[in-house]
Amino acid sequence: QVQLVESGGGLVQAGGSLRLSCAASGRTFSRYPMGWFRQAPGKEREFVAAMNWSGTGTSYADSVKGRFTISRDNAKNTVYLQMNSLKPEDTAVYYCAAVASVVSWYGLGYEQKPDRYDYWGQGTQVTVSS
């Protein structure tokens, strides 16, 4: 059974930092893209960041560029999201997502589309107070 388990969420003051982790089990994702999305109350799920399998290609939402950094450790089957300079508008449930196969569309913008991902974690709450 494939599982993606996020951790590292919590309550932080504006300007603070958090590091989210997503550990995958049940199969390896070392050859496939992984990403992070978030969903705030009353809003649609939105793209945050993605990384290709080798770590050489990253993609970020404009709202987090320069503040968030995605990374991965393929040996540990884990992807991370370092979040700095957090703002109240970053408050949301953050989800890890993984692609299940080798793809040709990464880097063409499709990595920002939730329907391109095959597996999802249960989410971790991030709350940023002002």
# chains A, B, ... in the order shown; residues from 1 in each chain; ligands from 1
$ residues_around --residues "range 72-81 of chain A" --least-positions-apart "4" --cutoff "6 Å" --atoms "only C-alpha atoms" --output "list of chain:residue names"
A:Arg19, A:Leu20, A:Ser21, A:Cys22, A:Ala23, A:Ala24, A:Ser30
$ write_last_selection --atoms "C-alpha atoms" --output "CSV table (one decimal), in the first residue's frame"
chain,number,residue,atom,x,y,z
A,19,ARG,CA,10.1,22.7,7.3
A,20,LEU,CA,7.6,20.2,6.0
A,21,SER,CA,8.6,16.6,5.3
A,22,CYS,CA,6.8,14.0,3.2
A,23,ALA,CA,7.9,10.4,3.6
A,24,ALA,CA,6.7,7.9,1.0
A,30,SER,CA,13.0,8.3,-6.8
$ residues_around --residues "Trp105 in chain A" --least-positions-apart "5" --cutoff "12 Å" --atoms "only C-alpha atoms" --output "list in words"
Tyr32, Pro33, Asn52, Val99, Tyr110, Glu111, Gln112, Lys113, Arg116 and Tyr117 of chain A
$ residues_around --residues "Asp62 in chain A" --least-positions-apart "3" --cutoff "10 Å" --atoms "only C-alpha atoms" --output "JSON, numbers by chain"
{"A": [47, 48, 49, 59, 65, 66]}
$ write_last_selection --atoms "N, CA, C and O atoms" --output "mmCIF file, in the first residue's frame"
data_model
loop_
_atom_site.group_PDB
_atom_site.id
_atom_site.type_symbol
_atom_site.label_atom_id
_atom_site.label_comp_id
_atom_site.auth_asym_id
_atom_site.auth_seq_id
_atom_site.Cartn_x
_atom_site.Cartn_y
_atom_site.Cartn_z
ATOM 1 N N PHE A 47 -1.214 24.969 -6.333
ATOM 2 C CA PHE A 47 0.158 24.524 -6.466
ATOM 3 C C PHE A 47 1.084 25.384 -5.616
ATOM 4 O O PHE A 47 0.909 26.609 -5.539
ATOM 5 N N VAL A 48 2.088 24.738 -5.012
ATOM 6 C CA VAL A 48 3.092 25.463 -4.245
ATOM 7 C C VAL A 48 4.477 25.280 -4.878
ATOM 8 O O VAL A 48 5.144 26.242 -5.228
ATOM 9 N N ALA A 49 4.899 24.018 -5.018
ATOM 10 C CA ALA A 49 6.232 23.749 -5.546
ATOM 11 C C ALA A 49 6.305 22.324 -6.068
ATOM 12 O O ALA A 49 5.543 21.466 -5.638
ATOM 13 N N SER A 59 9.987 24.041 -9.670
ATOM 14 C CA SER A 59 8.942 24.959 -10.097
ATOM 15 C C SER A 59 8.259 25.487 -8.852
ATOM 16 O O SER A 59 8.008 24.717 -7.917
ATOM 17 N N LYS A 65 7.817 32.108 -4.347
ATOM 18 C CA LYS A 65 9.181 32.215 -4.886
ATOM 19 C C LYS A 65 10.045 33.095 -4.001
ATOM 20 O O LYS A 65 9.648 34.156 -3.572
ATOM 21 N N GLY A 66 11.250 32.604 -3.739
ATOM 22 C CA GLY A 66 12.179 33.350 -2.900
ATOM 23 C C GLY A 66 12.002 33.102 -1.418
ATOM 24 O O GLY A 66 12.864 33.498 -0.620
#
$ closest_residue --among "A:Trp53, A:Tyr94, A:Thr127, A:Tyr60" --to "Gln13 in chain A" --atoms "only C-alpha atoms"
A:Thr127
$ closest_residue --among "A:Leu11, A:Ala50, A:Leu4, A:Val93" --to "Tyr106 in chain A" --atoms "only C-alpha atoms"
A:Ala50
$ residues_around --residues "Gln39 in chain A" --least-positions-apart "3" --cutoff "9 Å" --atoms "only C-alpha atoms" --output "JSON, numbers by chain"
{"A": [42, 43, 44, 45, 46, 47, 91, 92, 93, 94, 95]}
$ select_by_dssp --residues "chain A" --states "helix (DSSP H, G or I)" --output "number ranges by chain"
A: 88-90, 110-112, 114-116
$ closest_residue --among "A:Ser63, A:Cys96, A:Gly57, A:Gln3" --to "Thr124 in chain A" --atoms "only C-alpha atoms"
A:Cys96
$ select_by_dssp --residues "chain A" --states "strand (DSSP E or B)" --output "PyMOL selection string"
chain A and resi 3-7+10-13+18-25+34-39+46-51+58-60+68-73+78-83+92-98+119-120+124-129
$ decode --residues "range 23-61 of chain A" --atoms "C-alpha atoms" --output "compact mmCIF listing (two decimals), in the first residue's frame"
# COMPACT_ATOMS: atom_id res chain seq x y z
CA ALA A 23 7.89 10.37 3.59
CA ALA A 24 6.73 7.90 0.97
CA SER A 25 6.33 4.19 1.56
CA GLY A 26 5.03 1.25 -0.41
CA ARG A 27 7.01 2.08 -3.54
CA THR A 28 9.87 4.27 -4.60
CA PHE A 29 9.34 7.66 -6.21
CA SER A 30 13.00 8.33 -6.85
CA ARG A 31 12.47 8.42 -10.64
CA TYR A 32 9.35 10.59 -10.64
CA PRO A 33 8.29 14.18 -9.92
CA MET A 34 6.95 15.13 -6.53
CA GLY A 35 5.24 18.28 -5.42
CA TRP A 36 3.53 20.29 -2.72
CA PHE A 37 0.07 21.84 -2.86
CA ARG A 38 -2.00 23.71 -0.30
CA GLN A 39 -5.64 24.41 0.38
CA ALA A 40 -6.99 27.20 2.53
CA PRO A 41 -10.56 27.15 3.90
CA GLY A 42 -13.07 27.98 1.20
CA LYS A 43 -10.46 27.93 -1.54
CA GLU A 44 -9.36 25.48 -4.19
CA ARG A 45 -6.23 23.42 -3.84
CA GLU A 46 -3.32 25.36 -5.30
CA PHE A 47 0.16 24.52 -6.47
CA VAL A 48 3.09 25.46 -4.25
CA ALA A 49 6.23 23.75 -5.55
CA ALA A 50 7.46 20.75 -7.53
CA MET A 51 10.71 19.00 -8.27
CA ASN A 52 11.71 16.52 -10.94
CA TRP A 53 13.20 13.17 -10.04
CA SER A 54 16.83 14.28 -10.20
CA GLY A 55 16.37 17.53 -8.31
CA THR A 56 17.65 19.56 -11.23
CA GLY A 57 14.27 21.04 -12.10
CA THR A 58 12.14 23.01 -9.68
CA SER A 59 8.94 24.96 -10.10
CA TYR A 60 7.34 27.41 -7.68
CA ALA A 61 4.15 29.37 -7.42
